[in-house]
Amino acid sequence: MRLVFRVASGTGPATKEVYKLLNDLKLDSPVVTTLVGYSIEDSDIVIVVGDDKTILRSIFELGNRGVPVLGVSEDPTRGFLSQCTINELRYAINNIQKGMYSVEENTRLEVRVDDDKVVPAVNEAAIFPHISATLMEYTLSINDEMIWRDYADGVIIATPLGSSAYSLSAGGSLIHHDAPVFEIVPVNSIDITRRPLIVPNNSVITIDGVSSRHGVEVVIDGLARLPVKERIAITKNEVPCRFIHVDGPSSILSKIEKKIHLAEELLRIPPSAKLIIKILEYEGPLTYRDLVKRTMLPERTIRHALNVLVSRRLVAKKPLLRDARQKLYYLPTHLSSFNR
């Protein structure tokens, strides 16, 4: 069985654990920090060690090569896309070598921005104004039939797998990962009749007539950000993403319950706190001053929202390296896994 290990860092504790395990098992498998430009055609499985964002980035790097991925969490708590923890990796490799595993296929989106093809999306294509807290205008069409014209904070097109990620926190529905559908979720539309829409995954979803005062961009799985001039067309990608499961049936359904509890917690926080979570998700760690600039909210509102988020462990903080007097706010592992 040919394996490639993709790690988040070349020197972290998890990477050292991988090298130790390879030595113990006498495996001559390469360990890389990126799959870009790496020839993996001769590899049967890519084992990704990291959080859900690292797993998504690895699939992003694979493009349309379709190699199965085993997600391995560095944390004692498994991420949504990981099948085992680093402490369980030896057991997982033994099962893989014995052929005791299954491969689950998940539909991806094919996203074209202004007629240019981009990398497929595992979870979602999120279309938002470049500056947060501003409205955008767009027209939604399905198979060239206009569905609505809308003014909203944004719109999300999600796969069944992605329905438990960002679209769920934006008011979307949970969809079984085997369902042959996509979900369209308007985000904070000014028209209350604009509700999440489920369409067959052989549909052509078009978002055009896109405009906003500060420009519009599409964010693919929270990884790639592309400016949108006029139009986005979304269809089903021909190559699914493939996940390795070593414990029998998919563990995704068993993890959905945890996401439901977290979603209920997010529903109870004020809108300003939800905005901060959204910005941290797509911008990464930010200081208090950065958040004031990005959200354009009053400083008192920002302070209150951060107090709520930190007290509920929905946002974490740490000293800024270049200035210990400032704090850097970021999403903890359990919430970044929820959104991704």
# chains A, B, ... in the order shown; residues from 1 in each chain; ligands from 1
>>> residues_around(residues="stretch 66-83 of chain A", least_positions_apart="2", cutoff="8 Å", atoms="only C-alpha atoms", output="ChimeraX atom specification")
/A:14,43-52,55,59,62-64,85-86,89,103,239-246,251-252,255,334,337-338
>>> write_last_selection(atoms="C-alpha atoms", output="compact mmCIF listing (two decimals), in the first residue's frame")
# COMPACT_ATOMS: atom_id res chain seq x y z
CA ALA A 14 2.52 15.79 15.13
CA SER A 43 0.19 6.86 -4.29
CA ASP A 44 -2.92 5.00 -3.23
CA ILE A 45 -3.80 7.17 -0.22
CA VAL A 46 -2.84 10.60 1.11
CA ILE A 47 -2.83 10.76 4.92
CA VAL A 48 -3.36 14.33 6.11
CA VAL A 49 -2.39 15.18 9.69
CA GLY A 50 -3.98 18.41 10.96
CA ASP A 51 -7.27 20.16 11.57
CA ASP A 52 -10.19 20.35 9.15
CA ILE A 55 -7.54 18.60 5.30
CA ILE A 59 -7.88 18.43 -1.09
CA LEU A 62 -4.93 17.76 -5.03
CA GLY A 63 -7.25 19.47 -7.52
CA ASN A 64 -8.96 16.89 -9.71
CA THR A 85 -6.57 11.11 15.96
CA ILE A 86 -2.79 11.06 15.82
CA LEU A 89 -2.96 6.49 13.45
CA VAL A 103 -13.85 4.89 0.52
CA VAL A 239 -14.40 14.24 -9.71
CA PRO A 240 -15.69 13.77 -6.13
CA CYS A 241 -13.49 14.11 -3.08
CA ARG A 242 -12.79 10.73 -1.53
CA PHE A 243 -12.38 10.04 2.18
CA ILE A 244 -10.97 6.89 3.76
CA HIS A 245 -12.93 5.33 6.65
CA VAL A 246 -11.29 2.66 8.79
CA SER A 251 -18.73 8.66 11.01
CA ILE A 252 -20.16 11.91 9.62
CA LYS A 255 -20.71 14.07 14.35
CA HIS A 334 -13.92 23.14 17.81
CA SER A 337 -14.11 22.65 12.52
CA PHE A 338 -17.78 23.63 12.77
>>> select_by_dssp(residues="stretch 89-229 of chain A", states="strand (DSSP E or B)", output="JSON, numbers by chain")
{"A": [102, 103, 104, 105, 106, 109, 110, 111, 112, 113, 116, 117, 121, 124, 125, 126, 127, 128, 129, 136, 137, 138, 139, 140, 141, 142, 145, 146, 147, 148, 149, 150, 151, 152, 154, 155, 156, 157, 158, 181, 182, 183, 184, 185, 186, 187, 197, 198, 199, 200, 205, 206, 207, 208, 209, 210, 211, 216, 217, 218, 219, 220, 224, 225, 226, 227, 228]}
>>> write_last_selection(atoms="C-alpha atoms", output="compact mmCIF listing (two decimals), in the first residue's frame")
# COMPACT_ATOMS: atom_id res chain seq x y z
CA SER A 102 -13.88 1.88 2.84
CA VAL A 103 -13.85 4.89 0.52
CA GLU A 104 -16.64 7.47 0.75
CA GLU A 105 -17.24 9.78 -2.21
CA ASN A 106 -18.58 13.30 -1.68
CA LEU A 109 -18.88 22.09 -6.71
CA GLU A 110 -17.36 23.27 -9.98
CA VAL A 111 -17.12 27.07 -9.77
CA ARG A 112 -16.61 29.39 -12.74
CA VAL A 113 -16.01 33.06 -11.98
CA ASP A 116 -12.84 31.32 -15.72
CA LYS A 117 -12.63 27.83 -14.22
CA ALA A 121 -15.20 23.30 -3.67
CA GLU A 124 -19.14 25.75 -0.31
CA ALA A 125 -18.71 28.77 -2.51
CA ALA A 126 -19.49 31.82 -0.33
CA ILE A 127 -20.20 35.03 -2.22
CA PHE A 128 -19.89 38.23 -0.17
CA PRO A 129 -18.99 41.91 -0.51
CA MET A 136 -24.67 43.07 -2.22
CA GLU A 137 -27.17 42.73 -5.06
CA TYR A 138 -27.45 39.63 -7.22
CA THR A 139 -29.78 37.55 -9.39
CA LEU A 140 -30.17 33.81 -8.82
CA SER A 141 -31.01 31.58 -11.80
CA ILE A 142 -31.36 27.80 -12.01
CA GLU A 145 -34.58 30.32 -15.24
CA MET A 146 -34.54 33.37 -12.96
CA ILE A 147 -35.54 32.52 -9.37
CA TRP A 148 -35.09 35.85 -7.59
CA ARG A 149 -33.32 39.19 -7.42
CA ASP A 150 -31.98 39.79 -3.92
CA TYR A 151 -30.25 42.28 -1.63
CA ALA A 152 -28.35 40.49 1.14
CA GLY A 154 -24.20 37.40 0.72
CA VAL A 155 -25.21 34.00 -0.63
CA ILE A 156 -23.74 30.54 -0.04
CA ILE A 157 -23.91 27.54 -2.37
CA ALA A 158 -23.11 24.37 -0.42
CA VAL A 181 -28.52 17.94 -4.18
CA PHE A 182 -26.94 21.34 -3.59
CA GLU A 183 -28.14 24.03 -1.19
CA ILE A 184 -28.43 27.78 -1.82
CA VAL A 185 -28.53 29.92 1.33
CA PRO A 186 -29.15 33.69 1.22
CA VAL A 187 -27.35 35.38 4.12
CA LEU A 197 -33.30 26.51 -1.55
CA ILE A 198 -32.46 22.86 -2.33
CA VAL A 199 -31.81 22.00 -5.99
CA PRO A 200 -30.72 18.82 -7.84
CA ILE A 205 -26.68 27.56 -10.60
CA THR A 206 -25.97 31.08 -11.82
CA ILE A 207 -25.34 34.15 -9.69
CA ASP A 208 -25.12 37.19 -11.95
CA GLY A 209 -25.75 40.92 -11.95
CA VAL A 210 -23.48 40.97 -8.91
CA SER A 211 -22.76 44.39 -7.43
CA VAL A 216 -17.74 41.29 -4.44
CA GLU A 217 -15.63 38.17 -3.99
CA VAL A 218 -16.22 34.43 -3.84
CA VAL A 219 -14.50 32.41 -1.12
CA ILE A 220 -13.93 28.73 -1.90
CA ALA A 224 -9.28 30.80 -2.10
CA ARG A 225 -10.67 34.33 -2.52
CA LEU A 226 -11.46 35.54 -6.03
CA PRO A 227 -12.92 38.89 -7.14
CA VAL A 228 -16.23 38.70 -9.01
>>> atom_distance(atom1="atom CA of A:Pro298", atom2="atom CA of A:Ile279")
15.8 Å
>>> residues_around(residues="A:Gly10", least_positions_apart="4", cutoff="8 Å", atoms="only C-alpha atoms", output="compact mmCIF listing (two decimals) with C-alpha atoms, in the first residue's frame")
# COMPACT_ATOMS: atom_id res chain seq x y z
CA THR A 15 5.17 15.63 12.39
CA VAL A 32 5.43 16.62 2.75
CA THR A 33 4.04 20.01 3.83
>>> closest_residue(among="A:Val118, A:Val31, A:Leu21, A:Ile40", to="A:Ile93", atoms="only C-alpha atoms")
A:Leu21
>>> atom_distance(atom1="atom CA of A:Ile276", atom2="atom CA of A:Lys317")
13.2 Å
>>> atom_distance(atom1="atom CA of A:Pro319", atom2="atom CA of A:Tyr282")
20.6 Å
>>> closest_residue(among="A:Gly99, A:Ser212, A:Arg108, A:Asn143", to="A:His130", atoms="only C-alpha atoms")
A:Ser212
>>> select_by_dssp(residues="stretch 55-165 of chain A", states="alpha helix (DSSP H)", output="JSON, numbers by chain")
{"A": [55, 56, 57, 58, 59, 60, 61, 62, 89, 90, 91, 92, 93, 94, 95, 96, 97]}
>>> write_last_selection(atoms="C-alpha atoms", output="PDB file, in the first residue's frame")
ATOM      1  CA  ILE A  55      -7.535  18.596   5.304  1.00  0.00           C
ATOM      2  CA  LEU A  56      -9.511  20.987   3.092  1.00  0.00           C
ATOM      3  CA  ARG A  57      -6.305  22.671   1.948  1.00  0.00           C
ATOM      4  CA  SER A  58      -4.831  19.286   1.028  1.00  0.00           C
ATOM      5  CA  ILE A  59      -7.879  18.427  -1.088  1.00  0.00           C
ATOM      6  CA  PHE A  60      -7.581  21.904  -2.622  1.00  0.00           C
ATOM      7  CA  GLU A  61      -3.942  21.105  -3.492  1.00  0.00           C
ATOM      8  CA  LEU A  62      -4.925  17.761  -5.032  1.00  0.00           C
ATOM      9  CA  LEU A  89      -2.956   6.495  13.450  1.00  0.00           C
ATOM     10  CA  ARG A  90      -1.004   3.260  14.014  1.00  0.00           C
ATOM     11  CA  TYR A  91      -4.297   1.341  14.254  1.00  0.00           C
ATOM     12  CA  ALA A  92      -5.609   3.070  11.119  1.00  0.00           C
ATOM     13  CA  ILE A  93      -2.486   2.255   9.078  1.00  0.00           C
ATOM     14  CA  ASN A  94      -2.646  -1.398  10.159  1.00  0.00           C
ATOM     15  CA  ASN A  95      -6.262  -1.586   8.989  1.00  0.00           C
ATOM     16  CA  ILE A  96      -5.409   0.087   5.680  1.00  0.00           C
ATOM     17  CA  GLN A  97      -2.572  -2.371   5.073  1.00  0.00           C
TER      18      GLN A  97
END
>>> residues_around(residues="A:Leu328", least_positions_apart="3", cutoff="8 Å", atoms="only C-alpha atoms", output="list in words")
Pro285, Leu286, Thr287, Tyr288, Lys317, Lys318, Pro319 and Leu320 of chain A
>>> write_last_selection(atoms="C-alpha atoms", output="PDB file, in the first residue's frame")
ATOM      1  CA  PRO A 285      -6.699  35.826  13.585  1.00  0.00           C
ATOM      2  CA  LEU A 286      -7.204  39.591  14.078  1.00  0.00           C
ATOM      3  CA  THR A 287      -6.498  42.204  16.734  1.00  0.00           C
ATOM      4  CA  TYR A 288      -9.174  44.350  18.372  1.00  0.00           C
ATOM      5  CA  LYS A 317      -7.299  35.144  22.447  1.00  0.00           C
ATOM      6  CA  LYS A 318      -3.535  35.225  22.876  1.00  0.00           C
ATOM      7  CA  PRO A 319      -0.859  37.959  23.118  1.00  0.00           C
ATOM      8  CA  LEU A 320       0.288  39.491  19.838  1.00  0.00           C
TER       9      LEU A 320
END
>>> decode(residues="stretch 31-59 of chain A", atoms="N, CA and C atoms", output="PDB file, in the first residue's frame")
ATOM      1  N   VAL A  31       6.953  12.347   3.549  1.00  0.00           N
ATOM      2  CA  VAL A  31       6.220  13.285   4.404  1.00  0.00           C
ATOM      3  C   VAL A  31       6.422  14.675   3.816  1.00  0.00           C
ATOM      4  N   VAL A  32       5.334  15.328   3.427  1.00  0.00           N
ATOM      5  CA  VAL A  32       5.426  16.624   2.749  1.00  0.00           C
ATOM      6  C   VAL A  32       4.543  17.648   3.461  1.00  0.00           C
ATOM      7  N   THR A  33       4.843  18.929   3.247  1.00  0.00           N
ATOM      8  CA  THR A  33       4.035  20.005   3.832  1.00  0.00           C
ATOM      9  C   THR A  33       3.112  20.644   2.803  1.00  0.00           C
ATOM     10  N   THR A  34       3.199  20.210   1.557  1.00  0.00           N
ATOM     11  CA  THR A  34       2.261  20.652   0.522  1.00  0.00           C
ATOM     12  C   THR A  34       2.206  19.596  -0.569  1.00  0.00           C
ATOM     13  N   LEU A  35       1.057  19.499  -1.212  1.00  0.00           N
ATOM     14  CA  LEU A  35       0.897  18.558  -2.325  1.00  0.00           C
ATOM     15  C   LEU A  35       0.983  19.263  -3.668  1.00  0.00           C
ATOM     16  N   VAL A  36       1.163  20.584  -3.638  1.00  0.00           N
ATOM     17  CA  VAL A  36       1.295  21.356  -4.877  1.00  0.00           C
ATOM     18  C   VAL A  36       2.600  20.968  -5.563  1.00  0.00           C
ATOM     19  N   GLY A  37       2.516  20.542  -6.806  1.00  0.00           N
ATOM     20  CA  GLY A  37       3.698  20.165  -7.556  1.00  0.00           C
ATOM     21  C   GLY A  37       4.263  18.809  -7.195  1.00  0.00           C
ATOM     22  N   TYR A  38       3.615  18.111  -6.259  1.00  0.00           N
ATOM     23  CA  TYR A  38       4.110  16.794  -5.847  1.00  0.00           C
ATOM     24  C   TYR A  38       3.418  15.712  -6.665  1.00  0.00           C
ATOM     25  N   SER A  39       4.201  14.796  -7.210  1.00  0.00           N
ATOM     26  CA  SER A  39       3.646  13.713  -8.025  1.00  0.00           C
ATOM     27  C   SER A  39       3.085  12.626  -7.114  1.00  0.00           C
ATOM     28  N   ILE A  40       1.771  12.479  -7.144  1.00  0.00           N
ATOM     29  CA  ILE A  40       1.139  11.488  -6.263  1.00  0.00           C
ATOM     30  C   ILE A  40       0.406  10.418  -7.058  1.00  0.00           C
ATOM     31  N   GLU A  41       0.635  10.373  -8.363  1.00  0.00           N
ATOM     32  CA  GLU A  41      -0.092   9.404  -9.186  1.00  0.00           C
ATOM     33  C   GLU A  41       0.195   7.966  -8.766  1.00  0.00           C
ATOM     34  N   ASP A  42       1.365   7.738  -8.173  1.00  0.00           N
ATOM     35  CA  ASP A  42       1.717   6.385  -7.747  1.00  0.00           C
ATOM     36  C   ASP A  42       1.323   6.109  -6.299  1.00  0.00           C
ATOM     37  N   SER A  43       0.592   7.027  -5.688  1.00  0.00           N
ATOM     38  CA  SER A  43       0.194   6.859  -4.289  1.00  0.00           C
ATOM     39  C   SER A  43      -1.262   6.439  -4.214  1.00  0.00           C
ATOM     40  N   ASP A  44      -1.544   5.470  -3.385  1.00  0.00           N
ATOM     41  CA  ASP A  44      -2.919   5.003  -3.234  1.00  0.00           C
ATOM     42  C   ASP A  44      -3.727   5.902  -2.308  1.00  0.00           C
ATOM     43  N   ILE A  45      -3.090   6.404  -1.245  1.00  0.00           N
ATOM     44  CA  ILE A  45      -3.798   7.171  -0.219  1.00  0.00           C
ATOM     45  C   ILE A  45      -2.906   8.316   0.260  1.00  0.00           C
ATOM     46  N   VAL A  46      -3.520   9.484   0.461  1.00  0.00           N
ATOM     47  CA  VAL A  46      -2.838  10.605   1.109  1.00  0.00           C
ATOM     48  C   VAL A  46      -3.361  10.690   2.539  1.00  0.00           C
ATOM     49  N   ILE A  47      -2.467  10.636   3.507  1.00  0.00           N
ATOM     50  CA  ILE A  47      -2.832  10.759   4.919  1.00  0.00           C
ATOM     51  C   ILE A  47      -2.499  12.177   5.363  1.00  0.00           C
ATOM     52  N   VAL A  48      -3.528  12.923   5.742  1.00  0.00           N
ATOM     53  CA  VAL A  48      -3.360  14.330   6.113  1.00  0.00           C
ATOM     54  C   VAL A  48      -3.466  14.465   7.627  1.00  0.00           C
ATOM     55  N   VAL A  49      -2.420  14.994   8.247  1.00  0.00           N
ATOM     56  CA  VAL A  49      -2.393  15.182   9.694  1.00  0.00           C
ATOM     57  C   VAL A  49      -2.579  16.672   9.990  1.00  0.00           C
ATOM     58  N   GLY A  50      -3.695  17.007  10.646  1.00  0.00           N
ATOM     59  CA  GLY A  50      -3.976  18.407  10.957  1.00  0.00           C
ATOM     60  C   GLY A  50      -5.454  18.602  11.238  1.00  0.00           C
ATOM     61  N   ASP A  51      -5.861  19.864  11.319  1.00  0.00           N
ATOM     62  CA  ASP A  51      -7.268  20.156  11.568  1.00  0.00           C
ATOM     63  C   ASP A  51      -8.057  20.121  10.261  1.00  0.00           C
ATOM     64  N   ASP A  52      -9.349  20.422  10.342  1.00  0.00           N
ATOM     65  CA  ASP A  52     -10.195  20.351   9.153  1.00  0.00           C
ATOM     66  C   ASP A  52      -9.718  21.291   8.051  1.00  0.00           C
ATOM     67  N   LYS A  53      -9.180  22.449   8.441  1.00  0.00           N
ATOM     68  CA  LYS A  53      -8.703  23.393   7.434  1.00  0.00           C
ATOM     69  C   LYS A  53      -7.503  22.824   6.682  1.00  0.00           C
ATOM     70  N   THR A  54      -6.623  22.107   7.391  1.00  0.00           N
ATOM     71  CA  THR A  54      -5.483  21.465   6.742  1.00  0.00           C
ATOM     72  C   THR A  54      -5.958  20.387   5.775  1.00  0.00           C
ATOM     73  N   ILE A  55      -6.983  19.638   6.177  1.00  0.00           N
ATOM     74  CA  ILE A  55      -7.535  18.596   5.304  1.00  0.00           C
ATOM     75  C   ILE A  55      -8.148  19.226   4.057  1.00  0.00           C
ATOM     76  N   LEU A  56      -8.924  20.295   4.239  1.00  0.00           N
ATOM     77  CA  LEU A  56      -9.511  20.987   3.092  1.00  0.00           C
ATOM     78  C   LEU A  56      -8.428  21.546   2.173  1.00  0.00           C
ATOM     79  N   ARG A  57      -7.384  22.118   2.764  1.00  0.00           N
ATOM     80  CA  ARG A  57      -6.305  22.671   1.948  1.00  0.00           C
ATOM     81  C   ARG A  57      -5.607  21.572   1.145  1.00  0.00           C
ATOM     82  N   SER A  58      -5.466  20.403   1.732  1.00  0.00           N
ATOM     83  CA  SER A  58      -4.831  19.286   1.028  1.00  0.00           C
ATOM     84  C   SER A  58      -5.671  18.840  -0.164  1.00  0.00           C
ATOM     85  N   ILE A  59      -6.991  18.779   0.025  1.00  0.00           N
ATOM     86  CA  ILE A  59      -7.879  18.427  -1.088  1.00  0.00           C
ATOM     87  C   ILE A  59      -7.819  19.511  -2.156  1.00  0.00           C
TER      88      ILE A  59
END
